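J.: Below is the file target38.pdb, with PDB, C-alpha atoms.
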ATOM      1  CA  ARG A   1    -157.649 233.865 -35.378
ATOM      2  CA  ALA A   2    -158.866 230.369 -36.077
ATOM      3  CA  SER A   3    -159.611 227.291 -33.988
ATOM      4  CA  ALA A   4    -160.100 223.588 -34.716
ATOM      5  CA  SER A   5    -163.853 224.123 -34.675
ATOM      6  CA  GLY A   6    -163.657 226.968 -37.130
ATOM      7  CA  GLY A   7    -163.602 229.635 -34.394
ATOM      8  CA  SER A   8    -160.609 231.695 -33.430
ATOM      9  CA  ARG A   9    -157.315 230.930 -31.702
ATOM     10  CA  THR A  10    -154.780 233.266 -30.217
ATOM     11  CA  LEU A  11    -151.296 233.399 -31.664
ATOM     12  CA  SER A  12    -148.511 233.926 -29.181
ATOM     13  CA  GLY A  13    -145.317 235.804 -29.825
ATOM     14  CA  ASN A  14    -144.364 239.364 -30.533
ATOM     15  CA  ALA A  15    -147.527 241.475 -30.555
ATOM     16  CA  PHE A  16    -146.351 243.380 -33.631
ATOM     17  CA  THR A  17    -144.874 240.646 -35.792
ATOM     18  CA  GLY A  18    -146.610 237.519 -34.485
ATOM     19  CA  ARG A  19    -143.242 235.697 -34.444
ATOM     20  CA  LEU A  20    -142.168 233.567 -31.483
ATOM     21  CA  GLN A  21    -138.700 235.039 -31.134
ATOM     22  CA  ILE A  22    -137.272 237.864 -29.155
ATOM     23  CA  GLU A  23    -135.135 240.019 -31.350
ATOM     24  CA  ALA A  24    -131.792 241.417 -30.272
ATOM     25  CA  LYS A  25    -131.912 245.117 -29.586
ATOM     26  CA  PRO A  26    -128.780 247.194 -29.124
ATOM     27  CA  GLN A  27    -128.664 248.997 -25.796
ATOM     28  CA  ASN A  28    -127.226 252.466 -25.548
ATOM     29  CA  VAL A  29    -127.576 253.131 -21.823
ATOM     30  CA  TRP A  30    -124.573 251.286 -20.415
ATOM     31  CA  GLY A  31    -121.063 251.920 -21.658
ATOM     32  CA  LEU A  32    -117.447 251.606 -20.603
ATOM     33  CA  ASN A  33    -118.051 253.149 -17.182
ATOM     34  CA  HIS A  34    -120.618 250.470 -16.320
ATOM     35  CA  ALA A  35    -118.350 247.728 -17.654
ATOM     36  CA  LEU A  36    -115.567 248.987 -15.384
ATOM     37  CA  TRP A  37    -118.022 249.185 -12.496
ATOM     38  CA  PHE A  38    -119.100 245.552 -13.029
ATOM     39  CA  LEU A  39    -115.473 244.461 -13.345
ATOM     40  CA  CYS A  40    -114.241 246.258 -10.215
ATOM     41  CA  MET A  41    -117.182 245.232  -8.025
ATOM     42  CA  GLY A  42    -117.164 241.598  -9.110
ATOM     43  CA  LEU A  43    -113.392 241.180  -9.042
ATOM     44  CA  GLY A  44    -113.003 242.934  -5.688
ATOM     45  CA  SER A  45    -115.771 240.959  -3.998
ATOM     46  CA  GLY A  46    -114.577 237.753  -5.644
ATOM     47  CA  LEU A  47    -111.031 238.238  -4.341
ATOM     48  CA  TYR A  48    -112.381 238.718  -0.824
ATOM     49  CA  LEU A  49    -114.665 235.665  -0.976
ATOM     50  CA  ASN A  50    -112.019 233.428  -2.575
ATOM     51  CA  ARG A  51    -109.583 234.132   0.258
ATOM     52  CA  LEU A  52    -112.256 233.750   2.892
ATOM     53  CA  LEU A  53    -113.966 230.613   1.584
ATOM     54  CA  PHE A  54    -111.167 228.817  -0.246
ATOM     55  CA  GLY A  55    -107.981 230.215   1.306
ATOM     56  CA  ILE A  56    -106.829 231.603  -2.036
ATOM     57  CA  ASP A  57    -104.555 234.510  -1.182
ATOM     58  CA  VAL A  58    -102.245 236.555  -3.348
ATOM     59  CA  GLY A  59     -99.747 237.527  -0.651
ATOM     60  CA  GLN A  60     -99.525 240.012   2.178
ATOM     61  CA  PHE A  61     -98.814 243.695   2.580
ATOM     62  CA  LEU A  62     -97.836 244.858   6.095
ATOM     63  CA  GLY A  63     -99.340 241.628   7.393
ATOM     64  CA  LEU A  64    -102.663 242.355   5.683
ATOM     65  CA  PRO A  65    -104.113 239.744   3.327
ATOM     66  CA  LEU A  66    -103.512 241.299  -0.080
ATOM     67  CA  ALA A  67    -106.685 239.740  -1.512
ATOM     68  CA  ASP A  68    -108.741 241.676   1.054
ATOM     69  CA  VAL A  69    -106.824 244.905   0.484
ATOM     70  CA  LEU A  70    -107.233 244.634  -3.302
ATOM     71  CA  GLY A  71    -110.890 243.679  -2.864
ATOM     72  CA  ILE A  72    -111.599 246.799  -0.820
ATOM     73  CA  ILE A  73    -109.667 248.991  -3.253
ATOM     74  CA  LEU A  74    -111.495 247.569  -6.295
ATOM     75  CA  VAL A  75    -114.948 247.866  -4.712
ATOM     76  CA  SER A  76    -114.083 251.459  -3.748
ATOM     77  CA  ILE A  77    -113.032 252.241  -7.320
ATOM     78  CA  GLY A  78    -116.230 250.640  -8.639
ATOM     79  CA  GLY A  79    -118.309 252.708  -6.244
ATOM     80  CA  LEU A  80    -116.536 255.907  -7.253
ATOM     81  CA  ILE A  81    -117.102 255.115 -10.941
ATOM     82  CA  LEU A  82    -120.804 254.614 -10.285
ATOM     83  CA  ILE A  83    -121.107 257.791  -8.177
ATOM     84  CA  ALA A  84    -119.318 259.794 -10.884
ATOM     85  CA  ASP A  85    -121.757 258.395 -13.462
ATOM     86  CA  LEU A  86    -124.815 259.624 -11.542
ATOM     87  CA  GLY A  87    -124.581 263.075 -13.062
ATOM     88  CA  LYS A  88    -125.069 264.682  -9.651
ATOM     89  CA  PRO A  89    -122.622 262.718  -7.473
ATOM     90  CA  LEU A  90    -123.597 264.482  -4.256
ATOM     91  CA  ARG A  91    -126.999 262.769  -4.465
ATOM     92  CA  PHE A  92    -125.500 259.293  -4.039
ATOM     93  CA  LEU A  93    -126.955 258.954  -0.539
ATOM     94  CA  GLN A  94    -130.441 258.956  -2.089
ATOM     95  CA  ALA A  95    -129.574 255.517  -3.455
ATOM     96  CA  LEU A  96    -129.940 254.236   0.112
ATOM     97  CA  ARG A  97    -133.539 255.414   0.509
ATOM     98  CA  ASN A  98    -135.531 253.026  -1.670
ATOM     99  CA  VAL A  99    -134.704 249.628  -0.169
ATOM    100  CA  ARG A 100    -138.132 248.065  -0.666
ATOM    101  CA  TYR A 101    -138.497 248.879  -4.357
ATOM    102  CA  SER A 102    -135.043 249.080  -5.915
ATOM    103  CA  TRP A 103    -132.109 246.687  -6.178
ATOM    104  CA  ILE A 104    -129.812 249.693  -6.333
ATOM    105  CA  SER A 105    -130.515 250.553  -2.679
ATOM    106  CA  PRO A 106    -129.601 247.173  -1.155
ATOM    107  CA  GLY A 107    -126.602 247.097  -3.493
ATOM    108  CA  ALA A 108    -125.405 250.498  -2.310
ATOM    109  CA  ILE A 109    -125.914 249.457   1.322
ATOM    110  CA  ALA A 110    -123.952 246.261   0.663
ATOM    111  CA  ASP A 111    -121.127 248.354  -0.816
ATOM    112  CA  PHE A 112    -120.908 250.509   2.307
ATOM    113  CA  VAL A 113    -121.225 247.530   4.692
ATOM    114  CA  PHE A 114    -118.519 245.610   2.835
ATOM    115  CA  LEU A 115    -116.119 248.555   2.744
ATOM    116  CA  PHE A 116    -116.636 249.406   6.408
ATOM    117  CA  LEU A 117    -116.468 245.849   7.773
ATOM    118  CA  GLY A 118    -113.734 244.785   5.359
ATOM    119  CA  GLY A 119    -111.540 247.652   6.531
ATOM    120  CA  LEU A 120    -112.403 247.037  10.178
ATOM    121  CA  LEU A 121    -111.587 243.340   9.891
ATOM    122  CA  LEU A 122    -108.180 244.139   8.369
ATOM    123  CA  LEU A 123    -106.975 246.225  11.333
ATOM    124  CA  PRO A 124    -105.989 243.312  13.638
ATOM    125  CA  TYR A 125    -103.764 241.888  10.863
ATOM    126  CA  LEU A 126    -101.729 245.093  10.488
ATOM    127  CA  THR A 127     -98.079 244.320  11.232
ATOM    128  CA  ILE A 128     -95.627 247.147  11.831
ATOM    129  CA  GLY A 129     -92.059 246.331  12.818
ATOM    130  CA  GLY A 130     -92.977 242.712  13.520
ATOM    131  CA  HIS A 131     -95.767 243.693  15.941
ATOM    132  CA  ARG A 132     -99.523 243.748  15.534
ATOM    133  CA  PRO A 133    -100.629 246.810  17.509
ATOM    134  CA  GLN A 134    -104.370 246.220  16.902
ATOM    135  CA  ALA A 135    -104.329 242.455  17.503
ATOM    136  CA  GLY A 136    -106.305 242.889  20.718
ATOM    137  CA  PHE A 137    -109.387 244.401  19.089
ATOM    138  CA  PRO A 138    -112.627 242.612  20.058
ATOM    139  CA  TRP A 139    -113.172 241.597  16.425
ATOM    140  CA  ALA A 140    -109.718 240.039  15.995
ATOM    141  CA  PRO A 141    -109.562 236.785  13.995
ATOM    142  CA  GLY A 142    -110.863 233.825  15.954
ATOM    143  CA  THR A 143    -113.177 235.848  18.194
ATOM    144  CA  GLY A 144    -116.945 235.443  18.099
ATOM    145  CA  LEU A 145    -117.463 239.052  17.080
ATOM    146  CA  GLY A 146    -114.821 238.679  14.375
ATOM    147  CA  GLN A 147    -116.625 235.659  12.955
ATOM    148  CA  ILE A 148    -119.995 237.435  12.968
ATOM    149  CA  LEU A 149    -118.568 240.505  11.228
ATOM    150  CA  THR A 150    -116.802 238.261   8.701
ATOM    151  CA  VAL A 151    -120.087 236.509   7.828
ATOM    152  CA  VAL A 152    -121.849 239.880   7.395
ATOM    153  CA  ALA A 153    -118.979 241.190   5.219
ATOM    154  CA  ALA A 154    -119.085 237.992   3.132
ATOM    155  CA  ALA A 155    -122.862 238.304   2.660
ATOM    156  CA  ALA A 156    -122.377 241.924   1.545
ATOM    157  CA  ALA A 157    -119.640 240.832  -0.892
ATOM    158  CA  LEU A 158    -121.950 238.170  -2.328
ATOM    159  CA  LEU A 159    -124.745 240.712  -2.774
ATOM    160  CA  ILE A 160    -122.281 243.072  -4.495
ATOM    161  CA  ILE A 161    -121.588 240.315  -7.019
ATOM    162  CA  VAL A 162    -125.259 239.444  -7.553
ATOM    163  CA  TYR A 163    -127.071 242.790  -7.534
ATOM    164  CA  PRO A 164    -125.792 244.260 -10.850
ATOM    165  CA  GLY A 165    -127.494 241.342 -12.578
ATOM    166  CA  LEU A 166    -130.698 242.017 -10.671
ATOM    167  CA  VAL A 167    -130.616 245.722 -11.512
TER     168      VAL A 167
END
Can you give me the file's structure in the form of structure tokens?
T.:
Amino acid sequence: RASASGGSRTLSGNAFTGRLQIEAKPQNVWGLNHALWFLCMGLGSGLYLNRLLFGIDVGQFLGLPLADVLGIILVSIGGLILIADLGKPLRFLQALRNVRYSWISPGAIADFVFLFLGGLLLLPYLTIGGHRPQAGFPWAPGTGLGQILTVVAAAAALLIIVYPGLV
């Protein structure tokens, strides 16, 4: 330690080496299962948001927007991968308990909200034999309730994309 007046000065940097760089360290916690989880969650939520915000669709299946169907399937697969990775999968509901202190809890809640509302919002689109039997649901497209639920589902999808980075 030295200063301009002959005293001491504090060097910044790594406490052990005194260098001003952060060294790369290999991680051994996350593997293929987490990569698949990130891929499925991001791709599924992205498909949903792209159709909703930009009108980018990939077709229809029984009248259902295929982007939404694939989005729900991919987020479900991602969730199952993560639950299987917990070691004790039956404890997955404990992930919902720590909302104030953990990004995992809001992320898990967003997963459930997205899956529930995404599936619910698909029902009015279902076309069987040229008819839409659930078209009269109160949350059908164009209704106020439908728009509110769509905004909540979109917010959940956005959080699903963002929260792995925050974890």
J.: Pick out the residues sitting within 12 Å of stretch 123-136 of chain A, and hand them over as a list in words; count only C-alpha atoms, and ignore anything fewer than 5 positions along from it in its own chain.
T.: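 Result of the neighbour search: Gln60, Phe61, Leu62, Gly63, Leu64, Pro65, Leu66, Asp68, Val69, Phe116, Leu117, Gly118, Pro141, Gly142, Thr143 and Gly146 of chain A.
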J.: To one decimal in Å, tell me the separation between atom CA of A:Ile56 and atom CA of A:Gly107.
T.: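 Distance reported for this atom pair: 25.2 Å.
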J.: Residues picked by the PyMOL selection byres ((chain A and resi 162) around 12) here, as a PyMOL selection string?
T.: chain A and resi 38+41-42+45-46+103-104+106-107+110-111+155-161+163-167
J.: Would you mind telling me which residue in A:Asp85, A:Gly71, A:Asn50, A:Leu80 lies nearest to A:Leu32 when using only C-alpha atoms?
T.: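 Closest candidate: A:Asp85.
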J.: Counting only C-alpha atoms, which of A:Cys40, A:Phe114, A:Leu149, A:Asn33 gets nearest to A:Leu86?
T.: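 Checking each of A:Cys40, A:Phe114, A:Leu149, A:Asn33 against A:Leu86, counting only C-alpha atoms, the winner is A:Asn33.
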J.: Which residues, named as in the file, does the PyMOL selection byres ((chain A and resi 78) around 10) pick out? Answer as a list in words.
T.: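 Evaluating the PyMOL selection byres ((chain A and resi 78) around 10) on these coordinates yields Asn33, His34, Ala35, Leu36, Trp37, Phe38, Leu39, Cys40, Met41, Gly42, Leu43, Gly44, Ile72, Ile73, Leu74, Val75, Ser76, Ile77, Gly79, Leu80, Ile81, Leu82, Ile83, Ala84 and Asp111 of chain A.
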J.: Go ahead and write the residues just picked, C-alpha atoms, as a PDB file, in the frame of the given file.
T.:
ATOM      1  CA  ASN A  33    -118.051 253.149 -17.182  1.00  0.00           C
ATOM      2  CA  HIS A  34    -120.618 250.470 -16.320  1.00  0.00           C
ATOM      3  CA  ALA A  35    -118.350 247.728 -17.654  1.00  0.00           C
ATOM      4  CA  LEU A  36    -115.567 248.987 -15.384  1.00  0.00           C
ATOM      5  CA  TRP A  37    -118.022 249.185 -12.496  1.00  0.00           C
ATOM      6  CA  PHE A  38    -119.100 245.552 -13.029  1.00  0.00           C
ATOM      7  CA  LEU A  39    -115.473 244.461 -13.345  1.00  0.00           C
ATOM      8  CA  CYS A  40    -114.241 246.258 -10.215  1.00  0.00           C
ATOM      9  CA  MET A  41    -117.182 245.232  -8.025  1.00  0.00           C
ATOM     10  CA  GLY A  42    -117.164 241.598  -9.110  1.00  0.00           C
ATOM     11  CA  LEU A  43    -113.392 241.180  -9.042  1.00  0.00           C
ATOM     12  CA  GLY A  44    -113.003 242.934  -5.688  1.00  0.00           C
ATOM     13  CA  ILE A  72    -111.599 246.799  -0.820  1.00  0.00           C
ATOM     14  CA  ILE A  73    -109.667 248.991  -3.253  1.00  0.00           C
ATOM     15  CA  LEU A  74    -111.495 247.569  -6.295  1.00  0.00           C
ATOM     16  CA  VAL A  75    -114.948 247.866  -4.712  1.00  0.00           C
ATOM     17  CA  SER A  76    -114.083 251.459  -3.748  1.00  0.00           C
ATOM     18  CA  ILE A  77    -113.032 252.241  -7.320  1.00  0.00           C
ATOM     19  CA  GLY A  79    -118.309 252.708  -6.244  1.00  0.00           C
ATOM     20  CA  LEU A  80    -116.536 255.907  -7.253  1.00  0.00           C
ATOM     21  CA  ILE A  81    -117.102 255.115 -10.941  1.00  0.00           C
ATOM     22  CA  LEU A  82    -120.804 254.614 -10.285  1.00  0.00           C
ATOM     23  CA  ILE A  83    -121.107 257.791  -8.177  1.00  0.00           C
ATOM     24  CA  ALA A  84    -119.318 259.794 -10.884  1.00  0.00           C
ATOM     25  CA  ASP A 111    -121.127 248.354  -0.816  1.00  0.00           C
TER      26      ASP A 111
END
J.: Please, what distance in Å, to one decimal, runs between atom CA of A:Gly119 and atom CA of A:Ala95?
T.: 22.1 Å
J.: Just to confirm, what's the straight-line distance from atom CA of A:Arg51 to atom CA of A:Leu122 in Å (one decimal)?
T.: 13.0 Å
J.: Select, from A:Arg91, A:Arg100, A:Leu121, A:Gly144, the residue with the minimum atom-to-atom distance to A:Tyr48, counting all atoms listed in the file.
T.: A:Leu121
J.: Mind working out the centre and edge lengths of an axis-aligned box for stretch 70-75 of chain A, all listed atoms inside, 8 Å added to each side, rounded to one decimal in Å and written as lines of an AutoDock Vina configuration file?
T.:
center_x = -111.1
center_y = 246.3
center_z = -3.6
size_x = 23.7
size_y = 21.3
size_z = 21.5
J.: From the options A:Val113, A:Ala108, A:Ala24, A:Val29, which residue's atoms come nearest to A:Ala154, counting all atoms listed in the file?
T.: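 When distances to A:Ala154 are compared using all atoms listed in the file, the smallest one comes from A:Val113.
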J.: For A:Leu96, which residue out of A:Ala153, A:Ile109, A:Leu49, A:Ala67 is the nearest one, using only C-alpha atoms?
T.: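 Closest to A:Leu96 of all the choices is A:Ile109.
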